[in-house]
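Here is the file final.cif (mmCIF, C-alpha atoms and all ligand atoms).
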data_structure
loop_
_atom_site.label_atom_id
_atom_site.label_comp_id
_atom_site.auth_asym_id
_atom_site.auth_seq_id
_atom_site.Cartn_x
_atom_site.Cartn_y
_atom_site.Cartn_z
CA MET T 1 -0.66 37.24 53.72
CA ASN T 2 0.27 34.53 51.22
CA ALA T 3 2.00 36.24 48.31
CA GLY T 4 1.52 34.35 45.07
CA LEU T 5 -1.48 32.30 46.18
CA PRO T 6 -4.58 33.03 44.09
CA PRO T 7 -7.26 34.65 46.30
CA HIS T 8 -9.62 31.70 45.97
CA ARG T 9 -6.94 29.42 47.41
CA ASP T 10 -5.66 31.81 50.08
CA PRO T 11 -6.96 30.40 53.40
CA ALA T 12 -7.08 33.83 55.09
CA ILE T 13 -9.21 35.34 52.33
CA VAL T 14 -11.40 32.24 51.99
CA SER T 15 -12.18 32.16 55.72
CA ALA T 16 -12.82 35.92 55.97
CA ALA T 17 -15.14 35.72 52.98
CA GLY T 18 -16.94 32.73 54.52
CA ALA T 19 -17.42 34.59 57.81
CA ALA T 20 -18.71 37.70 56.04
CA LEU T 21 -21.23 35.61 54.10
CA ALA T 22 -22.38 33.76 57.23
CA GLY T 23 -23.00 37.13 58.88
CA LEU T 24 -24.88 38.33 55.82
CA ALA T 25 -27.07 35.23 55.73
CA ALA T 26 -27.93 35.65 59.42
CA ALA T 27 -28.81 39.35 59.02
CA CYS T 28 -30.58 39.21 55.73
CA ARG T 29 -33.85 37.23 55.60
CA PRO T 30 -34.73 37.29 51.89
CA LEU T 31 -31.23 36.16 50.89
CA ARG T 32 -31.35 32.91 48.95
CA ALA T 33 -27.65 32.54 48.13
CA ALA T 34 -24.49 34.60 47.97
CA VAL T 35 -20.97 34.09 46.64
CA VAL T 36 -17.72 36.00 47.05
CA LEU T 37 -15.75 35.70 43.80
CA THR T 38 -12.60 36.90 42.13
CA ASP T 39 -13.15 39.42 39.33
CA ASP T 40 -12.27 36.64 36.89
CA GLY T 41 -15.02 34.42 38.22
CA PHE T 42 -13.49 31.96 40.70
CA GLU T 43 -15.64 31.14 43.73
CA ILE T 44 -13.93 32.17 46.99
CA ALA T 45 -16.78 31.34 49.42
CA ARG T 46 -20.54 30.81 49.32
CA VAL T 47 -23.73 30.51 51.38
CA PRO T 48 -25.50 28.17 51.68
CA GLN T 49 -22.73 25.60 51.90
CA ALA T 50 -24.66 22.99 49.93
CA GLY T 51 -24.08 22.72 46.20
CA SER T 52 -21.63 24.84 44.24
CA GLY T 53 -21.38 28.57 43.75
CA GLN T 54 -19.08 28.29 40.74
CA ARG T 55 -21.73 28.87 38.08
CA LEU T 56 -23.11 31.92 39.92
CA ALA T 57 -19.55 33.21 40.39
CA SER T 58 -18.80 32.97 36.64
CA MET T 59 -22.06 34.63 35.68
CA ALA T 60 -21.58 37.43 38.23
CA SER T 61 -18.08 38.01 36.88
CA ALA T 62 -19.43 38.36 33.33
CA LEU T 63 -22.31 40.63 34.45
CA GLN T 64 -19.98 42.89 36.39
CA ALA T 65 -17.57 43.20 33.46
CA LEU T 66 -20.40 44.01 31.05
CA ALA T 67 -21.76 46.64 33.46
CA ASP T 68 -18.27 48.14 33.73
CA ALA T 69 -18.01 48.19 29.92
CA VAL T 70 -21.30 50.12 29.66
CA VAL T 71 -20.26 52.58 32.39
CA ARG T 72 -16.94 53.11 30.59
CA GLU T 73 -18.59 53.55 27.21
CA LEU T 74 -21.01 56.17 28.57
CA ARG T 75 -18.30 57.86 30.64
CA ILE T 76 -20.46 57.91 33.76
CA GLY T 77 -17.75 57.29 36.33
CA THR T 78 -17.33 53.90 37.98
CA THR T 79 -19.74 51.09 38.77
CA ASP T 80 -20.99 51.00 42.36
CA HIS T 81 -23.20 47.93 42.18
CA LEU T 82 -25.62 46.39 39.78
CA GLN T 83 -29.15 45.16 40.42
CA LEU T 84 -31.05 42.74 38.26
CA LEU T 85 -34.77 42.63 39.07
CA ALA T 86 -36.69 39.56 37.96
CA SER T 87 -40.34 38.57 38.38
CA GLU T 88 -39.53 36.19 41.24
CA GLY T 89 -36.29 37.44 42.66
CA ALA T 90 -33.35 39.74 42.27
CA VAL T 91 -29.57 39.62 41.88
CA VAL T 92 -27.12 42.21 43.17
CA VAL T 93 -23.43 42.31 42.25
CA ARG T 94 -21.14 44.62 44.17
CA ARG T 95 -17.38 45.06 44.02
CA VAL T 96 -15.35 44.47 47.19
CA GLY T 97 -13.52 47.73 47.86
CA ALA T 98 -11.04 48.44 45.10
CA HIS T 99 -9.94 44.81 44.99
CA PRO T 100 -10.29 42.35 42.10
CA CYS T 101 -13.12 40.72 44.01
CA ALA T 102 -16.93 40.94 44.08
CA LEU T 103 -19.95 39.80 46.03
CA VAL T 104 -23.08 38.48 44.35
CA ALA T 105 -26.33 37.97 46.24
CA VAL T 106 -29.56 36.31 45.10
CA PHE T 107 -32.78 37.45 46.80
CA ASP T 108 -36.28 36.00 46.80
CA GLU T 109 -37.74 39.48 46.58
CA ARG T 110 -36.53 42.93 45.61
CA PRO T 111 -33.88 44.07 48.07
CA GLY T 112 -34.61 47.25 50.00
CA ALA T 113 -32.23 49.72 51.58
CA ASP T 114 -31.66 47.39 54.56
CA GLU T 115 -30.57 44.47 52.40
CA LEU T 116 -28.36 46.68 50.23
CA GLY T 117 -26.79 48.06 53.41
CA ASP T 118 -26.15 44.51 54.68
CA LEU T 119 -24.43 43.68 51.41
CA GLU T 120 -22.25 46.75 51.59
CA ALA T 121 -21.25 45.82 55.13
CA ALA T 122 -20.41 42.25 54.10
CA ALA T 123 -18.29 43.54 51.20
CA ALA T 124 -16.48 45.86 53.60
CA ARG T 125 -15.68 42.90 55.87
CA VAL T 126 -14.15 40.98 52.96
CA ALA T 127 -12.20 44.08 51.88
CA LEU T 128 -10.63 44.33 55.35
CA ALA T 129 -9.19 40.84 54.99
CA TRP T 130 -7.68 41.56 51.59
CA PRO T 131 -3.89 41.81 51.70
CA ASP T 132 -2.37 45.17 50.78
CA VAL T 133 -0.19 44.52 47.78
CA MET N 134 -23.59 44.75 1.14
CA ALA N 135 -23.51 41.78 3.50
CA GLU N 136 -23.11 41.68 7.23
CA TYR N 137 -21.08 38.94 8.87
CA VAL N 138 -21.02 37.95 12.52
CA ILE N 139 -17.76 36.19 13.34
CA LEU N 140 -16.85 34.39 16.56
CA PHE N 141 -13.31 34.02 17.89
CA ALA N 142 -12.91 30.94 20.09
CA GLY N 143 -9.92 29.15 21.57
CA PRO N 144 -8.15 28.46 24.84
CA MET N 145 -7.00 31.04 27.36
CA GLY N 146 -4.03 32.97 26.00
CA ALA N 147 -4.57 31.97 22.35
CA GLY N 148 -4.91 35.63 21.36
CA LYS N 149 -8.65 36.17 20.78
CA THR N 150 -8.74 39.57 22.50
CA THR N 151 -5.46 40.57 20.84
CA ALA N 152 -6.77 39.55 17.41
CA ILE N 153 -9.98 41.57 17.75
CA ARG N 154 -7.97 44.58 18.88
CA SER N 155 -5.70 44.18 15.84
CA LEU N 156 -8.64 44.02 13.45
CA SER N 157 -11.27 46.37 14.84
CA GLU N 158 -11.78 49.83 13.38
CA ILE N 159 -13.93 50.92 16.31
CA GLU N 160 -12.87 51.13 19.93
CA VAL N 161 -13.17 47.56 21.17
CA VAL N 162 -15.69 46.67 23.88
CA SER N 163 -13.75 44.52 26.29
CA THR N 164 -14.47 42.72 29.53
CA GLU N 165 -11.03 41.97 30.92
CA ALA N 166 -10.63 41.04 34.58
CA VAL N 167 -7.49 40.54 36.65
CA ASN N 168 -6.22 37.00 36.04
CA SER N 169 -6.15 35.39 39.50
CA ASP N 170 -4.36 32.23 38.52
CA ARG N 171 -1.10 33.15 36.83
CA SER N 172 0.06 29.55 37.15
CA ALA N 173 -2.45 28.50 34.47
CA VAL N 174 -1.55 31.14 31.85
CA ASP N 175 0.83 33.92 32.83
CA LYS N 176 -0.82 37.10 31.60
CA PRO N 177 -2.28 40.02 33.57
CA THR N 178 -5.92 39.86 32.45
CA THR N 179 -8.45 37.45 31.01
CA THR N 180 -11.77 37.90 29.20
CA VAL N 181 -14.84 37.15 31.35
CA ALA N 182 -17.78 38.02 29.08
CA LEU N 183 -16.89 39.04 25.53
CA ASP N 184 -14.84 41.18 23.19
CA TYR N 185 -16.58 43.15 20.47
CA GLY N 186 -15.14 44.96 17.49
CA GLU N 187 -16.14 45.93 13.95
CA ILE N 188 -14.39 46.15 10.62
CA ASP N 189 -15.58 47.26 7.17
CA LEU N 190 -14.34 45.04 4.38
CA ASP N 191 -15.86 47.09 1.61
CA PRO N 192 -18.70 46.47 0.86
CA ASP N 193 -19.24 44.12 3.78
CA LYS N 194 -19.52 44.91 7.45
CA VAL N 195 -18.02 42.39 9.87
CA ARG N 196 -18.92 42.14 13.55
CA LEU N 197 -16.20 40.45 15.59
CA TYR N 198 -17.05 38.71 18.86
CA GLY N 199 -14.52 37.04 21.13
CA VAL N 200 -15.51 34.56 23.82
CA PRO N 201 -13.76 33.89 27.12
CA GLY N 202 -11.34 30.99 26.72
CA GLN N 203 -11.91 29.56 30.19
CA ALA N 204 -14.60 26.88 30.32
CA ARG N 205 -16.32 28.26 33.42
CA PHE N 206 -17.67 30.97 31.09
CA ASP N 207 -19.17 28.47 28.64
CA PHE N 208 -22.62 30.05 29.11
CA MET N 209 -21.21 32.97 27.08
CA TRP N 210 -20.22 30.54 24.31
CA GLU N 211 -23.86 29.45 24.07
CA ILE N 212 -25.14 33.03 23.97
CA LEU N 213 -22.66 34.20 21.35
CA ARG N 214 -22.59 31.24 18.97
CA GLU N 215 -26.30 31.55 18.15
CA ARG N 216 -25.86 34.63 16.00
CA ALA N 217 -22.49 33.75 14.51
CA MET N 218 -22.02 32.84 10.85
CA GLY N 219 -18.34 32.02 10.97
CA LEU N 220 -15.82 30.68 13.47
CA ILE N 221 -12.15 31.48 13.91
CA VAL N 222 -10.51 29.00 16.27
CA LEU N 223 -7.25 30.35 17.61
CA VAL N 224 -4.82 28.08 19.42
CA ASN N 225 -1.39 29.02 20.70
CA ALA N 226 1.51 26.86 19.52
CA ASP N 227 3.09 27.00 22.99
CA ALA N 228 0.06 25.37 24.67
CA PRO N 229 0.53 21.80 25.81
CA GLU N 230 -1.11 19.66 23.10
CA PRO N 231 -2.50 22.43 20.87
CA GLU N 232 -4.32 19.84 18.75
CA ARG N 233 -6.36 18.77 21.80
CA HIS N 234 -7.61 22.37 22.14
CA VAL N 235 -8.49 22.44 18.45
CA HIS N 236 -10.47 19.24 18.93
CA GLU N 237 -12.32 20.60 21.97
CA GLN N 238 -13.12 23.94 20.37
CA LEU N 239 -14.32 22.49 17.06
CA ALA N 240 -16.45 20.01 18.99
CA ALA N 241 -17.91 22.76 21.23
CA PHE N 242 -18.80 24.85 18.17
CA ALA N 243 -19.61 21.96 15.82
CA GLU N 244 -23.11 23.23 15.10
CA LEU N 245 -21.74 26.60 13.95
CA ALA N 246 -18.99 24.85 11.99
CA SER N 247 -21.56 22.73 10.17
CA ARG N 248 -23.70 25.68 9.05
CA GLY N 249 -21.07 28.42 8.65
CA GLY N 250 -17.43 29.00 7.83
CA VAL N 251 -14.48 27.81 9.90
CA VAL N 252 -10.76 28.56 9.90
CA VAL N 253 -8.07 27.68 12.43
CA GLY N 254 -5.26 30.10 13.30
CA VAL N 255 -2.20 28.86 15.20
CA THR N 256 -0.62 31.76 17.13
CA ARG N 257 2.67 32.23 18.99
CA TYR N 258 4.71 30.22 16.51
CA ASP N 259 7.62 32.54 17.22
CA VAL N 260 7.44 31.59 20.92
CA GLN N 261 7.41 27.89 20.25
CA ARG N 262 8.21 26.52 16.83
CA THR N 263 6.62 23.13 16.46
CA ASP N 264 5.66 20.67 13.77
CA ILE N 265 2.12 20.95 15.04
CA GLY N 266 0.61 21.99 11.67
CA ASP N 267 0.04 18.46 10.31
CA ARG N 268 -1.48 17.25 13.55
CA ILE N 269 -3.90 20.19 13.67
CA VAL N 270 -4.96 19.62 10.06
CA ALA N 271 -5.55 15.93 10.87
CA THR N 272 -7.53 16.81 14.00
CA ALA N 273 -9.76 19.27 12.14
CA ARG N 274 -10.38 16.63 9.46
CA ALA N 275 -11.34 14.10 12.11
CA VAL N 276 -13.83 16.41 13.85
CA LEU N 277 -15.25 17.92 10.65
CA PRO N 278 -14.86 15.15 8.04
CA ASP N 279 -17.29 16.71 5.55
CA ARG N 280 -15.42 19.93 4.96
CA VAL N 281 -11.97 21.31 4.34
CA THR N 282 -10.85 23.43 7.31
CA PRO N 283 -8.04 25.86 6.46
CA VAL N 284 -5.25 26.09 9.05
CA PHE N 285 -2.97 29.15 9.18
CA ALA N 286 -0.01 30.19 11.30
CA VAL N 287 -0.73 33.77 12.41
CA ASP N 288 0.47 36.40 14.85
CA ALA N 289 -2.64 37.76 16.60
CA ARG N 290 -0.83 41.09 17.09
CA ASP N 291 -0.40 41.57 13.34
CA GLN N 292 -3.27 43.32 11.58
CA GLU N 293 -2.30 42.15 8.08
CA GLN N 294 -2.07 38.50 9.11
CA MET N 295 -5.38 38.66 10.94
CA ARG N 296 -7.02 40.31 7.92
CA THR N 297 -5.81 37.48 5.72
CA LEU N 298 -7.28 34.95 8.13
CA LEU N 299 -10.59 36.84 8.30
CA LEU N 300 -10.80 37.20 4.50
CA SER N 301 -10.24 33.50 4.08
CA LEU N 302 -13.05 32.81 6.56
CA ILE N 303 -15.40 35.12 4.67
CA ALA N 304 -14.46 33.43 1.40
CA ASP N 305 -15.29 30.10 3.09
CA ILE N 306 -18.69 31.41 4.25
CA GLU N 307 -19.48 32.73 0.77
CA THR N 308 -18.41 29.51 -0.91
CA ARG N 309 -20.62 27.47 1.37
CA GLN N 310 -23.56 29.80 0.84
CA ALA N 311 -23.11 29.51 -2.93
CA LEU N 312 -22.89 25.71 -2.70
CA ALA N 313 -26.01 25.59 -0.55
CA GLU N 314 -27.93 27.75 -3.03
CA ALA N 315 -26.73 25.67 -5.98
CA GLY N 316 -27.76 22.49 -4.19
CA ALA N 317 -31.17 23.84 -3.20
N1 LIG Y 1 4.97 36.37 20.66
C1 LIG Y 1 3.69 36.30 20.26
N2 LIG Y 1 2.73 36.72 21.09
C2 LIG Y 1 1.47 36.64 20.66
C3 LIG Y 1 1.11 36.15 19.40
N3 LIG Y 1 -0.24 36.17 19.29
C4 LIG Y 1 -0.69 36.66 20.47
N4 LIG Y 1 0.32 36.96 21.31
C5 LIG Y 1 0.27 37.43 22.69
O1 LIG Y 1 -0.36 36.41 23.45
C6 LIG Y 1 -1.25 36.97 24.42
C7 LIG Y 1 -2.66 36.55 24.13
O2 LIG Y 1 -3.49 37.06 25.13
P1 LIG Y 1 -5.04 37.40 24.90
O3 LIG Y 1 -5.25 38.08 23.60
O4 LIG Y 1 -5.52 38.05 26.14
O5 LIG Y 1 -5.62 35.91 24.82
P2 LIG Y 1 -7.15 35.47 24.82
O6 LIG Y 1 -7.25 34.38 23.82
O7 LIG Y 1 -8.04 36.63 24.64
O8 LIG Y 1 -7.29 34.82 26.29
P3 LIG Y 1 -8.56 34.75 27.31
O9 LIG Y 1 -9.43 35.92 27.09
O10 LIG Y 1 -7.93 34.75 28.65
O11 LIG Y 1 -9.24 33.45 27.00
C8 LIG Y 1 -1.05 38.48 24.33
O12 LIG Y 1 -0.07 38.86 25.26
C9 LIG Y 1 -0.56 38.67 22.88
O13 LIG Y 1 0.24 39.84 22.74
C10 LIG Y 1 2.17 35.71 18.52
O14 LIG Y 1 1.95 35.21 17.40
N5 LIG Y 1 3.43 35.81 19.01
MG MG Y 2 -9.53 37.36 25.75
#
If you convert what's in this file into structure tokens, what do you get?
Ligand SMILES: Nc1nc2c(ncn2[C@@H]2O[C@H](COP(=O)(O)OP(=O)(O)OP(=O)(O)O)[C@@H](O)[C@H]2O)c(=O)[nH]1
Ligand SMILES: [Mg+2]
Amino acid sequence: MNAGLPPHRDPAIVSAAGAALAGLAAACRPLRAAVVLTDDGFEIARVPQAGSGQRLASMASALQALADAVVRELRIGTTDHLQLLASEGAVVVRRVGAHPCALVAVFDERPGADELGDLEAAAARVALAWPDV
Amino acid sequence: MAEYVILFAGPMGAGKTTAIRSLSEIEVVSTEAVNSDRSAVDKPTTTVALDYGEIDLDPDKVRLYGVPGQARFDFMWEILRERAMGLIVLVNADAPEPERHVHEQLAAFAELASRGGVVVGVTRYDVQRTDIGDRIVATARAVLPDRVTPVFAVDARDQEQMRTLLLSLIADIETRQALAEAGA
């Protein structure tokens, strides 16, 4: 573990997140793109490699924080994940364990139980790589 | 009774979240996340979506929105500035080149500044005393040459000081509305 390095610049975290996303992309057909991000919206890793995941990372960070604010306001426990269903796709944001880190996935169609399970597994893989502080 | 929608803008660590917490009479809606990069600004959390608070300034109701200071959240600036009628730009005196931040923020929110009220608050003067006041006044005049932009030194943690800043913004909004009506 690299104490003091921000997660998005920690090579161990970046490579574990990249591997988890590659596994997710291979398992999950309708996945269009996915990014592992810090809670404050820095991109840690993305699939596909082309382009940038920074914009999606920032927006996922904001979405997650707004969802958390609603959950807090209504006193309904803690956020598990959030799903945004659009006419031609869907977005899922899920926290990575109890770490200040999240996973956002963009799908071409509404994700079913299989896809949500794949996401959970990918998040668990990233969580394993997270240093215990 | 009027209703005002006010936006707090400014760089990371300027005190936008702190200011809204000082002013709000309701429990503030906040979207703080762990700050991953303490080398940029050394504080535990940072705003990633918005802050929201409310205050009654009898007879008026004021809605207070804070934006994230970090530019990767600029999509939130676009969403929030649409509804705003007034702008409070906060800049911390201990930032490198505070006047550059004032320039960037006034430029980013120039459309709001041209139709609504604007004030600038310089925070953290006690942390770093500077002669920055004149330079900030000159910068604001350069970006917004057609209006007078008040500049205050404030402590974002201090409710009284923040109220004074807010009241001066509301006076600015009202003055401009009255001028617009008189001119129409
Ligand atoms: N000493 C001192 N501290 C201040 C003053 N004004 C604000 N602060 C402190 O400066 C910090 C400002 O942090 P925030 O309120 O989170 O800043 P922000 O503008 O919301 O930052 P982001 O959301 O990250 O963009 C807090 O720790 C405040 O207590 C001041 O006048 N003097
Ligand atoms: Mg803030």
Produce as a PyMOL selection string the set of residues near ligand MG 2 (chain Y), where near means within 12 Å with only C-alpha atoms and all ligand atoms considered. (chain T and resi 40) or (chain N and resi 141-154+161-168+174+176-185+198-203+206+223+289)
Return the padded bounding box of range 49-52 of chain T as JSON: axis-aligned, built from all atoms listed in the file, 6 Å added on each side, with centre and edge lengths in Å to one decimal.
{"center_x": -23.1, "center_y": 24.2, "center_z": 48.1, "size_x": 15.0, "size_y": 14.9, "size_z": 19.7}
Using all atoms listed in the file, I'd like every residue of chain T that has an atom within 7 Å of chain N; please write them out as a ChimeraX atom specification. /T:6-7,39-40,58,61-62,65-66,69,100
For each of T:Val104, T:Gly41, T:Ser52, T:Leu84, take the minimum atom-to-atom distance to ligand LIG 1 (chain Y), counting only C-alpha atoms and all ligand atoms, then give the residue where this is smallest.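 Using only C-alpha atoms and all ligand atoms, ligand LIG 1 (chain Y) sits closest to T:Gly41.
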Residues within 8 Å of Val93 in chain T, please, as a CSV table (one decimal) with C-alpha atoms, in the frame of the given file. Count all atoms listed in the file; anything in the same chain fewer than 2 positions from it doesn't count.
chain,number,residue,atom,x,y,z
T,60,ALA,CA,-21.6,37.4,38.2
T,64,GLN,CA,-20.0,42.9,36.4
T,81,HIS,CA,-23.2,47.9,42.2
T,82,LEU,CA,-25.6,46.4,39.8
T,83,GLN,CA,-29.2,45.2,40.4
T,91,VAL,CA,-29.6,39.6,41.9
T,95,ARG,CA,-17.4,45.1,44.0
T,102,ALA,CA,-16.9,40.9,44.1
T,103,LEU,CA,-20.0,39.8,46.0
T,104,VAL,CA,-23.1,38.5,44.4
T,105,ALA,CA,-26.3,38.0,46.2
When you draw a straight line from CA of Asp227 in chain N to CA of Arg262 in chain N, how long is it in Å?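 Computed distance, CA of Asp227 in chain N to CA of Arg262 in chain N, equals 8.0 Å.
Reported to one decimal place, the separation of CA of Leu302 in chain N from CA of Asn225 in chain N is 18.7 Å.
Note that CA of Ala67 in chain T and CA of Ala129 in chain T are 25.6 Å apart.
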Within 12 Å of Gly117 in chain T, counting only C-alpha atoms, which residues show up once you throw out same-chain ones fewer than 4 positions away? Write them as a PyMOL selection string, please. chain T and resi 24+27-28+81+92+94+111-113+121-124
Contact residues around Ala313 in chain N with all atoms listed in the file at 10 Å, ignoring same-chain residues under 5 positions, as number ranges by chain: N: 248, 307-308
Out of N:Ala241, N:Met218, N:Ala173, N:Leu299, which residue has the shortest atom-to-atom distance to Asp189 in chain N when counting all atoms listed in the file?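 With all atoms listed in the file as the atom set, the closest residue is N:Leu299.
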Can you list, as a PDB file with C-alpha atoms, keeping the file's coordinate frame, every protein, DNA or RNA residue that comes within 7 Å of range 11-19 of chain T when you count all atoms listed in the file, leaving out same-chain residues fewer than 3 positions away?
ATOM      1  CA  PRO T   7      -7.260  34.650  46.300  1.00  0.00           C
ATOM      2  CA  HIS T   8      -9.620  31.700  45.970  1.00  0.00           C
ATOM      3  CA  ALA T  22     -22.380  33.760  57.230  1.00  0.00           C
ATOM      4  CA  GLY T  23     -23.000  37.130  58.880  1.00  0.00           C
ATOM      5  CA  VAL T  36     -17.720  36.000  47.050  1.00  0.00           C
ATOM      6  CA  ILE T  44     -13.930  32.170  46.990  1.00  0.00           C
ATOM      7  CA  ALA T  45     -16.780  31.340  49.420  1.00  0.00           C
ATOM      8  CA  ARG T  46     -20.540  30.810  49.320  1.00  0.00           C
ATOM      9  CA  VAL T 126     -14.150  40.980  52.960  1.00  0.00           C
ATOM     10  CA  ALA T 129      -9.190  40.840  54.990  1.00  0.00           C
ATOM     11  CA  TRP T 130      -7.680  41.560  51.590  1.00  0.00           C
TER      12      TRP T 130
END
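Nearest-residue note for Trp210 in chain N: choosing from N:Val252, N:Ala271, N:Val281, N:Leu245, the minimum distance belongs to N:Leu245, counting all atoms listed in the file.
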For ligand LIG 1 (chain Y), which of N:Tyr258, N:Phe242, N:Phe285, N:Tyr137 is the closest residue, counting all atoms listed in the file?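 For ligand LIG 1 (chain Y), the nearest of the given residues is N:Tyr258.
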Contacts of Ala90 in chain T at 7 Å (all atoms listed in the file; same-chain gap of 6+ positions) as a PyMOL selection string: chain T and resi 84+106-110
